[in-house]
Structures are given as structure tokens and as C-alpha cells.
>>> print(open('structure19.csv').read())   # CSV, C-alpha atoms
chain,number,residue,atom,x,y,z
A,157,MET,CA,0.0,0.0,0.0
A,158,ALA,CA,2.7,2.5,0.9
A,159,GLU,CA,4.9,4.2,-1.6
A,160,GLN,CA,7.9,2.2,-0.4
A,161,GLY,CA,5.9,-1.0,-1.3
A,162,THR,CA,3.9,-3.4,0.9
A,163,THR,CA,2.2,-6.8,0.6
A,164,ALA,CA,-1.2,-5.8,2.0
A,165,SER,CA,-4.1,-8.2,1.2
A,166,PRO,CA,-7.1,-6.8,-0.6
A,167,ILE,CA,-10.2,-6.0,1.4
A,168,ARG,CA,-12.8,-8.9,1.3
A,169,ALA,CA,-16.4,-8.0,0.5
A,170,ASP,CA,-17.6,-11.3,2.0
A,171,TYR,CA,-16.2,-10.5,5.5
A,172,PRO,CA,-18.7,-9.5,8.2
A,173,GLU,CA,-16.9,-6.2,9.0
A,174,PRO,CA,-17.9,-3.2,6.8
A,175,LEU,CA,-15.4,-2.4,4.1
A,176,TRP,CA,-14.3,0.9,5.7
A,177,VAL,CA,-13.6,-0.9,9.0
A,178,GLN,CA,-11.5,-3.4,7.1
A,179,ALA,CA,-9.6,-0.5,5.5
A,180,VAL,CA,-9.0,1.2,8.9
A,181,GLN,CA,-7.6,-2.1,10.3
A,182,LEU,CA,-5.5,-2.7,7.2
A,183,ILE,CA,-3.8,0.7,7.3
A,184,THR,CA,-3.4,0.5,11.1
A,185,ASP,CA,-1.7,-2.9,10.7
A,186,GLU,CA,0.6,-1.4,8.0
A,187,ILE,CA,1.7,1.3,10.4
A,188,ALA,CA,2.1,-1.1,13.4
A,189,GLN,CA,4.3,-3.4,11.3
A,190,GLY,CA,6.5,-0.6,10.1
A,191,ARG,CA,5.6,-0.8,6.5
A,192,LEU,CA,4.1,2.7,6.7
A,193,ALA,CA,6.6,4.9,8.6
A,194,GLU,CA,5.9,8.0,10.6
A,195,GLY,CA,5.6,11.0,8.3
A,196,SER,CA,5.3,8.9,5.1
A,197,ARG,CA,2.7,9.8,2.5
A,198,LEU,CA,0.0,7.3,1.5
A,199,PRO,CA,-0.5,6.7,-2.2
A,200,PRO,CA,-3.1,8.8,-4.1
A,201,GLU,CA,-6.7,8.0,-3.3
A,202,ARG,CA,-7.4,6.7,-6.8
A,203,GLU,CA,-4.5,4.2,-6.4
A,204,LEU,CA,-5.6,3.2,-2.9
A,205,CYS,CA,-9.1,2.5,-4.2
A,206,GLN,CA,-7.7,0.3,-6.9
A,207,GLN,CA,-5.4,-1.6,-4.5
A,208,LEU,CA,-8.1,-2.1,-1.9
A,209,GLY,CA,-11.0,-2.7,-4.3
A,210,ILE,CA,-13.3,-0.1,-2.6
A,211,SER,CA,-15.0,3.1,-3.6
A,212,ARG,CA,-13.6,6.5,-2.9
A,213,VAL,CA,-16.5,7.2,-0.5
A,214,THR,CA,-15.6,4.1,1.5
A,215,LEU,CA,-11.9,5.0,1.5
A,216,ARG,CA,-12.6,8.6,2.6
A,217,LYS,CA,-14.6,7.2,5.5
A,218,ALA,CA,-11.7,5.1,6.6
A,219,LEU,CA,-9.2,7.8,6.2
A,220,LEU,CA,-11.2,10.4,8.1
A,221,GLN,CA,-11.7,7.9,10.9
A,222,LEU,CA,-7.9,7.4,11.1
A,223,VAL,CA,-7.4,11.2,11.2
A,224,ASP,CA,-9.9,11.3,14.1
A,225,ASP,CA,-7.9,8.6,15.8
A,226,GLY,CA,-4.7,10.6,15.4
A,227,VAL,CA,-3.2,7.9,13.2
A,228,LEU,CA,-3.1,10.0,10.0
A,229,ALA,CA,-2.9,13.7,9.1
A,230,SER,CA,-4.3,15.3,6.0
A,231,SER,CA,-2.6,18.1,4.1
A,232,HIS,CA,-4.8,20.0,1.7
A,233,GLY,CA,-3.8,19.4,-1.9
A,234,ARG,CA,-0.9,17.1,-0.8
A,235,GLY,CA,-2.6,13.9,0.4
A,236,TRP,CA,-2.6,11.8,3.6
A,237,TYR,CA,0.3,11.2,5.9
A,238,VAL,CA,1.1,9.0,8.8
A,239,ALA,CA,1.0,11.2,11.9
A,240,SER,CA,4.4,11.8,13.4
A,241,ALA,CA,3.1,11.7,16.9
A,242,LYS,CA,-0.1,11.3,18.8
A,243,VAL,CA,-1.4,14.7,19.8
A,244,ALA,CA,-1.2,15.2,23.6
A,245,LYS,CA,-4.7,15.8,25.0
A,246,GLU,CA,-3.9,17.6,28.2
A,247,TRP,CA,-4.2,21.4,28.0
A,248,PRO,CA,-3.2,23.9,30.6
A,249,ASN,CA,-5.7,26.0,32.5
A,250,ASN,CA,-3.6,29.1,32.4
A,251,LEU,CA,-3.7,31.7,29.7
A,252,GLU,CA,-1.1,31.0,27.0
A,253,SER,CA,-1.0,30.9,23.2
A,254,PHE,CA,-1.4,27.7,21.1
A,255,THR,CA,2.3,28.1,20.2
A,256,GLU,CA,3.5,28.4,23.8
A,257,THR,CA,1.4,25.3,24.7
A,258,ALA,CA,2.9,23.3,21.9
A,259,ARG,CA,6.5,24.2,23.0
A,260,LYS,CA,5.8,23.0,26.5
A,261,MET,CA,4.4,19.7,25.1
A,262,GLY,CA,7.5,19.3,22.9
A,263,LEU,CA,5.3,19.4,19.8
A,264,GLU,CA,5.5,21.5,16.6
A,265,ALA,CA,2.8,24.0,16.1
A,266,SER,CA,1.8,25.5,12.7
A,267,SER,CA,-1.2,27.0,11.1
A,268,ARG,CA,-2.9,27.3,7.8
A,269,VAL,CA,-4.0,30.9,7.4
A,270,LEU,CA,-7.5,31.2,6.0
A,271,ARG,CA,-7.9,34.9,6.4
A,272,ALA,CA,-5.7,37.8,7.5
A,273,GLU,CA,-7.1,41.2,6.8
A,274,VAL,CA,-8.3,44.4,8.3
A,275,ALA,CA,-11.9,45.4,8.0
A,276,PRO,CA,-14.3,47.7,9.9
A,277,ALA,CA,-15.8,46.3,13.1
A,278,ASP,CA,-19.5,45.4,12.9
A,279,LEU,CA,-21.9,46.2,15.8
A,280,ASP,CA,-21.4,42.9,17.6
A,281,GLU,CA,-17.6,43.0,17.3
A,282,ALA,CA,-17.5,46.6,18.4
A,283,GLU,CA,-19.6,46.0,21.4
A,284,SER,CA,-17.5,43.0,22.5
A,285,LEU,CA,-14.2,44.9,22.1
A,286,SER,CA,-15.6,48.1,23.6
A,287,ILE,CA,-14.7,50.1,20.5
A,288,ALA,CA,-16.8,52.2,18.1
A,289,PRO,CA,-18.5,50.5,15.2
A,290,GLY,CA,-16.5,50.8,12.0
A,291,THR,CA,-13.2,50.9,13.9
A,292,PRO,CA,-10.6,48.9,11.9
A,293,VAL,CA,-10.1,45.3,13.3
A,294,PHE,CA,-7.7,42.7,12.2
A,295,HIS,CA,-9.3,39.4,11.3
A,296,LEU,CA,-7.2,36.3,11.7
A,297,ASP,CA,-8.7,32.9,10.8
A,298,ARG,CA,-6.4,29.8,11.1
A,299,ILE,CA,-6.5,26.0,11.2
A,300,ARG,CA,-4.2,25.2,14.1
A,301,LEU,CA,-2.0,22.1,13.8
A,302,LEU,CA,0.1,20.0,16.2
A,303,GLU,CA,2.6,17.8,14.5
A,304,GLY,CA,0.7,18.4,11.3
A,305,VAL,CA,-2.6,17.2,12.8
A,306,PRO,CA,-5.5,19.7,12.5
A,307,THR,CA,-6.5,20.4,16.1
A,308,ALA,CA,-8.6,23.6,16.1
A,309,LEU,CA,-10.2,26.2,13.9
A,310,ASP,CA,-9.3,29.6,15.4
A,311,THR,CA,-11.1,32.8,14.4
A,312,THR,CA,-9.8,35.9,16.1
A,313,ILE,CA,-10.3,39.6,15.8
A,314,VAL,CA,-7.9,42.3,17.3
A,315,PRO,CA,-8.2,46.1,17.2
A,316,ALA,CA,-6.0,46.9,14.2
A,317,ALA,CA,-4.4,49.8,16.1
A,318,LEU,CA,-2.7,47.3,18.5
A,319,ILE,CA,-0.6,45.6,15.8
A,320,SER,CA,1.0,47.7,13.1
A,321,GLU,CA,1.2,46.0,9.7
A,322,ALA,CA,-0.5,42.9,11.0
A,323,GLU,CA,-1.3,41.7,7.5
A,324,ALA,CA,2.4,41.4,6.8
A,325,VAL,CA,3.1,39.0,9.7
A,326,ASP,CA,3.6,35.3,8.9
A,327,PHE,CA,1.0,33.8,11.1
A,328,ALA,CA,1.5,30.4,9.5
A,329,HIS,CA,4.3,30.0,12.1
A,330,GLY,CA,4.1,33.2,14.2
A,331,SER,CA,2.1,33.7,17.4
A,332,LEU,CA,-0.5,36.4,17.7
A,333,TYR,CA,0.0,36.6,21.5
A,334,GLU,CA,3.7,37.3,20.9
A,335,GLU,CA,2.9,40.0,18.4
A,336,LEU,CA,0.6,41.6,21.0
A,337,GLU,CA,3.3,41.4,23.6
A,338,ARG,CA,5.8,43.1,21.3
A,339,ALA,CA,3.2,45.8,20.7
A,340,GLY,CA,2.8,46.4,24.4
A,341,ALA,CA,-0.6,44.9,24.6
A,342,SER,CA,0.3,41.6,26.3
A,343,PRO,CA,-2.7,39.3,27.0
A,344,GLU,CA,-3.2,38.9,30.7
A,345,ARG,CA,-6.7,37.5,31.3
A,346,ALA,CA,-9.4,35.9,29.3
A,347,ASP,CA,-13.1,35.5,30.0
A,348,SER,CA,-13.8,32.1,28.6
A,349,THR,CA,-16.8,29.8,27.9
A,350,ILE,CA,-16.5,26.2,26.7
A,351,GLU,CA,-19.4,24.2,25.3
A,352,ALA,CA,-19.8,21.0,23.2
A,353,ARG,CA,-21.2,21.4,19.7
A,354,GLU,CA,-21.5,19.1,16.6
A,355,SER,CA,-19.2,20.1,13.7
A,356,ASP,CA,-20.9,21.6,10.7
A,357,ALA,CA,-19.8,20.7,7.2
A,358,GLU,CA,-17.5,23.7,6.7
A,359,THR,CA,-15.7,23.2,10.0
A,360,ALA,CA,-15.5,19.4,9.6
A,361,GLU,CA,-13.9,19.9,6.2
A,362,ALA,CA,-11.3,22.4,7.6
A,363,LEU,CA,-10.4,20.0,10.4
A,364,GLY,CA,-10.5,16.8,8.4
A,365,ILE,CA,-13.2,15.2,10.4
A,366,ALA,CA,-16.7,13.8,9.6
A,367,PRO,CA,-19.6,16.3,9.9
A,368,GLY,CA,-21.4,15.9,13.2
A,369,LYS,CA,-18.3,14.9,15.1
A,370,PRO,CA,-18.0,16.6,18.5
A,371,LEU,CA,-16.2,19.9,19.0
A,372,LEU,CA,-15.3,21.8,22.1
A,373,VAL,CA,-16.0,25.4,21.3
A,374,MET,CA,-14.1,28.0,23.4
A,375,ARG,CA,-15.0,31.6,23.2
A,376,GLN,CA,-12.6,34.1,24.7
A,377,LEU,CA,-12.5,37.8,25.3
A,378,VAL,CA,-8.9,38.5,26.1
A,379,HIS,CA,-7.9,41.5,28.2
A,380,GLY,CA,-4.5,43.3,28.6
A,381,ALA,CA,-2.9,44.5,31.9
A,382,ASP,CA,-4.9,47.7,31.8
A,383,GLY,CA,-8.2,45.8,31.5
A,384,ARG,CA,-9.0,46.7,27.9
A,385,ALA,CA,-10.0,44.1,25.4
A,386,VAL,CA,-7.2,43.1,23.1
A,387,ALA,CA,-8.7,40.1,21.2
A,388,LEU,CA,-11.9,38.2,20.7
A,389,SER,CA,-11.5,34.6,19.7
A,390,THR,CA,-13.6,31.5,18.9
A,391,LEU,CA,-11.6,28.2,18.9
A,392,ARG,CA,-13.3,25.1,17.7
A,393,TYR,CA,-11.2,22.1,19.0
A,394,VAL,CA,-11.7,18.6,17.7
A,395,GLY,CA,-13.3,17.0,20.8
A,396,GLU,CA,-11.0,14.0,21.2
A,397,ARG,CA,-7.9,16.1,20.7
A,398,TYR,CA,-8.5,18.6,23.4
A,399,ARG,CA,-9.0,18.2,27.2
A,400,LEU,CA,-8.9,21.0,29.7
A,401,ARG,CA,-7.8,20.2,33.2
A,402,THR,CA,-8.9,22.5,36.0
A,403,VAL,CA,-9.3,22.7,39.8
A,404,PHE,CA,-12.4,23.6,41.7
A,405,ALA,CA,-12.3,24.7,45.3
A,406,ARG,CA,-15.0,25.4,47.9
A,407,GLY,CA,-15.2,29.0,48.9
A,408,ALA,CA,-15.9,30.4,52.3
A,409,ARG,CA,-19.4,29.6,53.5
>>> encode(input="structure19.csv", output="C-alpha cells")
Amino acid sequence: MAEQGTTASPIRADYPEPLWVQAVQLITDEIAQGRLAEGSRLPPERELCQQLGISRVTLRKALLQLVDDGVLASSHGRGWYVASAKVAKEWPNNLESFTETARKMGLEASSRVLRAEVAPADLDEAESLSIAPGTPVFHLDRIRLLEGVPTALDTTIVPAALISEAEAVDFAHGSLYEELERAGASPERADSTIEARESDAETAEALGIAPGKPLLVMRQLVHGADGRAVALSTLRYVGERYRLRTVFARGAR
């Protein structure tokens, strides 16, 4: 199956397991036996379909399941890869950027930038950021990846006056929090809400998961040291790739 050549058996239509389940098991076995190495690219989908004797719909179901399991990673326009490492699922409960968290975990963080532009703030954005409607805000939409595995869809707006020439920054590898710190608007506190949601078709496609898969949606209004709002973010994490650990204590009665 792999580009370096394997002896995988074809999938059997007369077996009780669904074809896509057989495909998941076959690819998993290939990886476990070392015939598909970490970081290696799978053959093109058409070739895989021919080798396995299944339809593209069936193959896609298997591949997306393997992405959900953290076994494979998808790269838009480049194909499917064996994930280099399982994504760690523990997340800190202190305020830090995605990039900072990845460094502490010993993982490589990167992003696919979907939008990076300045536009006038609408009424809702202006109210949340306590600015006047029409004030320029910088929109930054990214797919956040750990070790090449899509982990979250991050949509953030920042008052454009806080970061000069934000559109020229390479946010595929750069940190928005670090840019804010350099501009003297360091994030210090975030009012956050987290809730479970099913992924819609657009979000699912961006994150390489099946529509309807669970997401943990975190909405944050981030404040600087002086109390003013410096960013408004919505992060949609793949549910099984994110877990927040926190501590609750009983207050004085």
C-alpha cells in the first residue's frame, strides 16, 4: 500500500466487517508493522481505491476515521500522511498561546491561514471589544495544527491599532500573542466559555473530520494588563484532541 511497497491483502467483500472498517484495520496494521513509517505519505486516493477494491466514498470514511484517531494527518492538496506523533490531549488551564502550549508539550505548532485582513468592526464586534462601530479590526482565521494534525479552527479579531502592519506578519508560524506582547498589549486575562457542539460541514472539512463529530468550542474575550479588550476569539477544537484540566475549590461559607 505504501509508496515504499507493501504486501497488503485486498479487502474482502464477504467478510462481516464493513469495508471501511477493514480498510481502517489494514492501514493501522501497516503502520504497526513498520511498512508505513511516521511522516510517510500514502499513495493517491485513486491508487488506494484500486489496490483495496473499494469506492472513494468508503476509502474517505476510513481515512477520516484514522485522522480522528490521530493515526493519519491530512494536508490540503498534498494527500494523507502517517502522523508523526499522537497529539497530547492535556491542555493547561492558564492563559497561553497555542504556540506556547505546543512548545511545553514538545510538539511542533503550525497554522494554515484562511484569512488575515483588516476590516471595519461590525456592531457585535465593536460591542464585545468596547470600540466604536467601524473601527478597523484585524481578522485572523487559522487552522491550528500540532505535528501536522489539525487540532482547532481559530477565528480571532484584534483592534488593528494594537498591531501595526498585522497583514504582513507570517501567522502560519508566528504567534498572535507574541505579536501583541511586542506591541505592548500583552494578553493577561481571558473571560472564557466552553461548550460542546457538533461540527458543521464547513468546520468538519477544515479540520479533516466527519460532519457531526463533537467539537469543544471555546469563546474568549482577552484583556490586557490595563483591562481593555485586546482580542476576541472563537476556537473550535476537535473534541477528542483537546481536554482542559482545571481545579475547583469550595469558597468560604
>>> closest_residue(input="structure19.csv", among="A:Ile319, A:Val293, A:Leu198, A:Val180", to="Leu220 in chain A", atoms="only C-alpha atoms")
A:Val180
>>> residues_around(input="structure19.csv", residues="range 226-229 of chain A", least_positions_apart="4", cutoff="6 Å", atoms="only C-alpha atoms", output="compact mmCIF listing (two decimals) with C-alpha atoms, in the coordinates of the input")
# COMPACT_ATOMS: atom_id res chain seq x y z
CA LEU A 222 -7.90 7.40 11.10
CA TRP A 236 -2.60 11.80 3.60
CA TYR A 237 0.30 11.20 5.90
CA VAL A 238 1.10 9.00 8.80
CA ALA A 239 1.00 11.20 11.90
CA LYS A 242 -0.10 11.30 18.80
CA VAL A 305 -2.60 17.20 12.80
>>> atom_distance(input="structure19.csv", atom1="CA of Leu285 in chain A", atom2="CA of Val386 in chain A")
7.3 Å
>>> closest_atom_pairs(input="structure19.csv", of="range 250-366 of chain A", to="range 388-394 of chain A", cutoff="7 Å", atoms="only C-alpha atoms", output="tab-separated table")
residue	atom	partner	partner_atom	distance
A:Thr307	CA	A:Val394	CA	5.7
A:Ala308	CA	A:Tyr393	CA	4.2
A:Leu309	CA	A:Arg392	CA	5.0
A:Asp310	CA	A:Leu391	CA	4.4
A:Thr311	CA	A:Thr390	CA	5.3
A:Thr312	CA	A:Ser389	CA	4.2
A:Ile313	CA	A:Leu388	CA	5.3
A:Val314	CA	A:Leu388	CA	6.7
>>> closest_residue(input="structure19.csv", among="A:Lys217, A:Arg298, A:Arg345, A:Arg397", to="Ala366 in chain A", atoms="only C-alpha atoms")
A:Lys217
>>> atom_distance(input="structure19.csv", atom1="CA of Ala277 in chain A", atom2="CA of Ala352 in chain A")
27.5 Å
>>> closest_atom_pairs(input="structure19.csv", of="range 158-277 of chain A", to="range 300-304 of chain A", cutoff="6 Å", atoms="all atoms listed in the file", output="JSON lines")
{"residue": "A:Glu264", "atom": "CA", "partner": "A:Glu303", "partner_atom": "CA", "distance": 5.1}
{"residue": "A:Ala265", "atom": "CA", "partner": "A:Leu302", "partner_atom": "CA", "distance": 4.8}
{"residue": "A:Ser266", "atom": "CA", "partner": "A:Leu301", "partner_atom": "CA", "distance": 5.2}
{"residue": "A:Ser267", "atom": "CA", "partner": "A:Arg300", "partner_atom": "CA", "distance": 4.6}
>>> closest_residue(input="structure19.csv", among="A:Ala339, A:Ile187, A:Leu371, A:Glu203", to="Glu354 in chain A", atoms="only C-alpha atoms")
A:Leu371
>>> closest_residue(input="structure19.csv", among="A:Asn250, A:Glu273, A:Glu358, A:Pro343", to="Ala316 in chain A", atoms="all atoms listed in the file")
A:Glu273
>>> closest_residue(input="structure19.csv", among="A:Ala282, A:Gly235, A:Val177, A:Glu252", to="Gly195 in chain A", atoms="all atoms listed in the file")
A:Gly235
>>> atom_distance(input="structure19.csv", atom1="CA of Leu263 in chain A", atom2="CA of His379 in chain A")
27.1 Å
>>> closest_residue(input="structure19.csv", among="A:Val274, A:Leu377, A:Leu400, A:Ala169", to="Glu321 in chain A", atoms="all atoms listed in the file")
A:Val274
>>> residues_near_point(input="structure19.csv", point="(1.2, 1.8, 6.2)", cutoff="8 Å", atoms="all atoms listed in the file", output="PyMOL selection string")
chain A and resi 157-158+162+183-193+198+238
>>> residues_around(input="structure19.csv", residues="Ala357 in chain A", least_positions_apart="3", cutoff="12 Å", atoms="only C-alpha atoms", output="list in words")
Glu354, Ala360, Glu361, Ala362, Leu363, Gly364, Ile365, Ala366, Pro367, Gly368 and Lys369 of chain A
>>> residues_near_point(input="structure19.csv", point="(-16.4, -0.6, 7.9)", cutoff="12 Å", atoms="all atoms listed in the file", output="PyMOL selection string")
chain A and resi 167-169+171-182+210+213-219+221
>>> build_atoms(input="structure19.csv", residues="range 181-197 of chain A", atoms="N, CA, C and O atoms", output="CSV table (one decimal), in the coordinates of the input")
chain,number,residue,atom,x,y,z
A,181,GLN,N,-8.5,-1.1,9.7
A,181,GLN,CA,-7.6,-2.1,10.3
A,181,GLN,C,-6.4,-2.4,9.5
A,181,GLN,O,-5.3,-2.5,10.0
A,182,LEU,N,-6.6,-2.4,8.1
A,182,LEU,CA,-5.5,-2.7,7.2
A,182,LEU,C,-4.4,-1.6,7.3
A,182,LEU,O,-3.2,-1.9,7.5
A,183,ILE,N,-4.8,-0.4,7.3
A,183,ILE,CA,-3.8,0.7,7.3
A,183,ILE,C,-3.2,0.8,8.7
A,183,ILE,O,-2.0,1.0,8.8
A,184,THR,N,-4.0,0.5,9.7
A,184,THR,CA,-3.4,0.5,11.1
A,184,THR,C,-2.3,-0.6,11.2
A,184,THR,O,-1.3,-0.4,11.8
A,185,ASP,N,-2.6,-1.8,10.7
A,185,ASP,CA,-1.7,-2.9,10.7
A,185,ASP,C,-0.4,-2.5,9.9
A,185,ASP,O,0.7,-2.8,10.4
A,186,GLU,N,-0.5,-1.8,8.8
A,186,GLU,CA,0.6,-1.4,8.0
A,186,GLU,C,1.5,-0.5,8.8
A,186,GLU,O,2.8,-0.7,8.8
A,187,ILE,N,0.9,0.4,9.6
A,187,ILE,CA,1.7,1.3,10.4
A,187,ILE,C,2.4,0.6,11.5
A,187,ILE,O,3.6,0.7,11.8
A,188,ALA,N,1.6,-0.3,12.2
A,188,ALA,CA,2.1,-1.1,13.4
A,188,ALA,C,3.3,-1.9,13.0
A,188,ALA,O,4.2,-2.1,13.8
A,189,GLN,N,3.2,-2.5,11.8
A,189,GLN,CA,4.3,-3.4,11.3
A,189,GLN,C,5.5,-2.7,10.7
A,189,GLN,O,6.4,-3.3,10.2
A,190,GLY,N,5.4,-1.3,10.6
A,190,GLY,CA,6.5,-0.6,10.1
A,190,GLY,C,6.6,-0.4,8.6
A,190,GLY,O,7.6,0.1,8.1
A,191,ARG,N,5.6,-0.9,7.9
A,191,ARG,CA,5.6,-0.8,6.5
A,191,ARG,C,5.1,0.6,6.0
A,191,ARG,O,5.4,1.0,4.9
A,192,LEU,N,4.5,1.3,6.9
A,192,LEU,CA,4.1,2.7,6.7
A,192,LEU,C,4.8,3.5,7.8
A,192,LEU,O,4.4,3.4,9.0
A,193,ALA,N,5.9,4.2,7.5
A,193,ALA,CA,6.6,4.9,8.6
A,193,ALA,C,6.0,6.2,8.9
A,193,ALA,O,5.2,6.8,8.2
A,194,GLU,N,6.3,6.7,10.1
A,194,GLU,CA,5.9,8.0,10.6
A,194,GLU,C,6.3,9.1,9.6
A,194,GLU,O,7.4,9.1,9.2
A,195,GLY,N,5.4,9.9,9.2
A,195,GLY,CA,5.6,11.0,8.3
A,195,GLY,C,5.6,10.6,6.8
A,195,GLY,O,5.6,11.5,5.9
A,196,SER,N,5.4,9.3,6.5
A,196,SER,CA,5.3,8.9,5.1
A,196,SER,C,3.9,9.2,4.5
A,196,SER,O,2.9,9.3,5.2
A,197,ARG,N,3.9,9.4,3.2
A,197,ARG,CA,2.7,9.8,2.5
A,197,ARG,C,2.0,8.6,2.0
A,197,ARG,O,2.7,7.7,1.4
